[in-house]
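Asker: Below is the structure I would like to discuss, written out as structure tokens.
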Amino acid sequence: MSWFKRNKAPMAVKDEKKGKAPEGLWTKCPSCGETIITKDIEDNLNVCTKCSHHFRISARQRIDLLLDEGSFQEFDAGMVSVDFLEFKDSKSYQSRIDAAVAKGGSKDAIICGQGTVNGLQVELSVFDFAFMGGSMGSVVGEKITRSIERALASKSPAIIVSASGGARMQESILSLMQMAKTSAALAKMKAEGLPFVSILTDPTTGGGTASFAMLGDVNMAEPKALIGFAGPRVIEQTIRAKLPEGFQRAEYLLDHGMVDIIVERKEMKATLSRLLGMFSRKAA
């Protein structure tokens with residue numbers, strides 16, 4: 001009987017490391033599902049090249065996007081939150097503050113300063129969603145209020161770019177008081193006839209929406225930004241009814257008069273410049 005001779009040579013094994021793409025090379029769009037080279041998205045201002053989905057960007061990126069190069073002067077950068085209640089849930093509030101600061105973006109959930117938009121001086125406040133979900137505590141409210149007061153002193157327009165999960169529960173009633181505090185400061189802007197532009201990005205929710213974010217002379221939003229007070233699930237459970245398609249998205253709010261204009265990221269600075277120019281001519 002003849003026997004087949006078994007080949008003892010080892011099988012070739014594919015080197016997985018050799019053919020593996022570098023981490024972060026590709027990004028999957030959560031809107032259209034396309035997988036796109038990350039650099040292409042970054043070069044497109046962090047907007048999907050296939051469906052124009054607007055990815056979230058950092059506060060520093062937003063400042064660079066809106067202001068003239070080299071014009072930004074930051075104020076109150078050293079202000080940090082204090083765990084005055086010694087609050088603790090799964091972690092202490094102080095450990096959450098320390099972890100957020102350690103990321104290196106900012107020392108609290110907003111960056112405020114002065115700069116120019118095509119030569120026009122403005123006071124700009126930009127939320128940093130990476131810092132505890134852009135939550136609003138005493139420091140955020142104080143920095144916004146100071147920014148508005150600088151606008152009043154210099155007779156400059158004020159701009160707030162919102163990206164917030166709402167009031168910071170670890171500061172209890174003091175975080176809720178920031179809603180009244182910032183709204184009162186904006187009332188002074190209105191009395192003086194100075195323009196305030198509110199830019200709503202994804203997400204703008206909770207106490208921010210219930211106060212300064214919806215008080216703009218112009219409320220401007222990025223496409224499909226989530227904008228609302230309570231979450232859709234909470235609302236459905238409360239009213240015991242199914243919410244309309246696209247509820248709490250920028251387009252729905254535009255149709256119902258809560259947002260004045262939706263602007264794509266690449267057009268944001270130019271549109272802002274035109275709006276501020278219109279207000280300047282009106283004041284003159």
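The way I read the labels, and the way they are meant: chains A, B, ... in the order of the structure tokens, residue 1 as the first residue of every chain, and ligand 1 as the first ligand shown, with later ones counted on from there.
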Sort by chain and increasing residue number a table of all residues of segment 122-205 of chain A within 9 Å of segment 80-88 of chain A, each with its closest pair of atoms and their distance in Å to one decimal, counting only C-alpha atoms, and write it as a tab-separated table.
Answerer:
```
residue	atom	partner	partner_atom	distance
A:Gly137	CA	A:Ser81	CA	7.6
A:Ser138	CA	A:Ser81	CA	7.2
A:Val139	CA	A:Ser81	CA	5.9
A:Val140	CA	A:Ser81	CA	8.8
A:Gln170	CA	A:Phe87	CA	6.0
A:Glu171	CA	A:Leu85	CA	7.1
A:Ser172	CA	A:Leu85	CA	8.6
```
Asker: Wanna dump the segment 223-243 of chain A-segment 250-268 of chain A contacts at 8 Å for me, each residue with its shortest atom pair and the distance in Å to one decimal, counting only C-alpha atoms, ordered by chain and number, as CSV?
Answerer:
```
residue,atom,partner,partner_atom,distance
A:Pro223,CA,A:Ile262,CA,6.0
A:Lys224,CA,A:Ala250,CA,5.1
A:Ala225,CA,A:Ala250,CA,5.2
A:Leu226,CA,A:Ala250,CA,6.5
A:Ile227,CA,A:Ala250,CA,6.5
```
Asker: In Å, how far is it from atom CA of Glu192 of chain A to atom CA of Ile148 of chain A?
Answerer: 11.8 Å
Asker: Please list as number ranges by chain every residue within 10 Å of Lys181 of chain A, counting only C-alpha atoms and excluding residues in the same chain fewer than 6 positions away.
Answerer: A: 138, 141-142, 144-145, 211-212
Asker: Quick check for you: according to DSSP on this backbone, which residues of segment 17-242 of chain A are classed as strand (DSSP E)? Reply as a PyMOL selection string.
Answerer: chain A and resi 26-28+35-37+73-75+110-117+120-127+158-164+196-204+218-221
Asker: Kindly give the distance, in Å, that separates atom CA of Gly78 of chain A and atom CA of Met189 of chain A, rounded to a single decimal.
Answerer: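 A separation of 25.7 Å between them.
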Asker: Expressed in Å to a single decimal, how great is the separation between atom CA of Trp26 of chain A and atom CA of Arg249 of chain A?
Answerer: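 Separation between atom CA of Trp26 of chain A and atom CA of Arg249 of chain A: 27.0 Å.
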Asker: Nearest residue to Phe127 of chain A out of A:Ala102, A:Val161, A:Val234, A:Ala191, using only C-alpha atoms?
Answerer: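 For Phe127 of chain A, the nearest of the given residues is A:Val161.
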Asker: Per DSSP on the backbone, what are the helix (DSSP H, G or I) residues of segment 41-163 of chain A, as a PyMOL selection string?
Answerer: chain A and resi 41-43+59-66+93-102+132-134+138-154
Asker: Please identify all polymer residues within 7 Å of segment 46-48 of chain A, counting only C-alpha atoms, omitting same-chain residues fewer than 6 positions from it, and present them as an NGL selection string.
Answerer: :A and (29 or 54-55)
Asker: Name the residues in contact with Leu200 of chain A at a cut-off of 7 Å, using only C-alpha atoms, excluding same-chain residues fewer than 3 positions from it; report them as a ChimeraX atom specification.
Answerer: /A:161-163,204,220-222
Asker: Can you write out the residues you just picked, keeping N, CA and C atoms, as a compact mmCIF listing (two decimals), in the first residue's frame?
Answerer:
```
# COMPACT_ATOMS: atom_id res chain seq x y z
N VAL A 161 -19.85 80.18 22.59
CA VAL A 161 -19.98 78.93 21.85
C VAL A 161 -20.29 77.83 22.85
N SER A 162 -21.49 77.30 22.80
CA SER A 162 -21.93 76.32 23.79
C SER A 162 -21.69 74.89 23.33
N ALA A 163 -21.24 74.07 24.27
CA ALA A 163 -21.13 72.61 24.10
C ALA A 163 -21.15 72.04 25.50
N THR A 204 -25.73 70.97 23.10
CA THR A 204 -26.05 72.11 23.97
C THR A 204 -27.30 71.74 24.73
N MET A 220 -27.20 80.94 16.51
CA MET A 220 -26.62 80.26 15.36
C MET A 220 -26.25 78.83 15.76
N ALA A 221 -26.53 77.85 14.89
CA ALA A 221 -26.24 76.46 15.22
C ALA A 221 -25.50 75.76 14.10
N GLU A 222 -24.70 74.76 14.48
CA GLU A 222 -24.09 73.88 13.48
C GLU A 222 -25.11 72.83 13.06
```
Asker: Write out as a list in words each polymer residue whose atoms come within 6 Å of Ile159 of chain A, counting only C-alpha atoms; drop sequence neighbours fewer than 4 positions from it.
Answerer: Leu124, Phe196, Val197 and Ser198 of chain A
Asker: Any chance you can output those residues with N, CA and C atoms as a PDB file, in the first residue's frame?
Answerer:
```
ATOM      1  N   LEU A 124     -14.995  86.515  23.504  1.00  0.00           N
ATOM      2  CA  LEU A 124     -15.369  85.157  23.110  1.00  0.00           C
ATOM      3  C   LEU A 124     -15.263  84.191  24.285  1.00  0.00           C
ATOM      4  N   PHE A 196     -25.064  90.219  21.129  1.00  0.00           N
ATOM      5  CA  PHE A 196     -24.636  88.937  21.674  1.00  0.00           C
ATOM      6  C   PHE A 196     -25.034  87.847  20.692  1.00  0.00           C
ATOM      7  N   VAL A 197     -24.055  87.093  20.216  1.00  0.00           N
ATOM      8  CA  VAL A 197     -24.303  85.980  19.303  1.00  0.00           C
ATOM      9  C   VAL A 197     -24.059  84.671  20.041  1.00  0.00           C
ATOM     10  N   SER A 198     -25.057  83.809  20.060  1.00  0.00           N
ATOM     11  CA  SER A 198     -24.944  82.501  20.697  1.00  0.00           C
ATOM     12  C   SER A 198     -24.757  81.446  19.615  1.00  0.00           C
TER      13      SER A 198
END
```
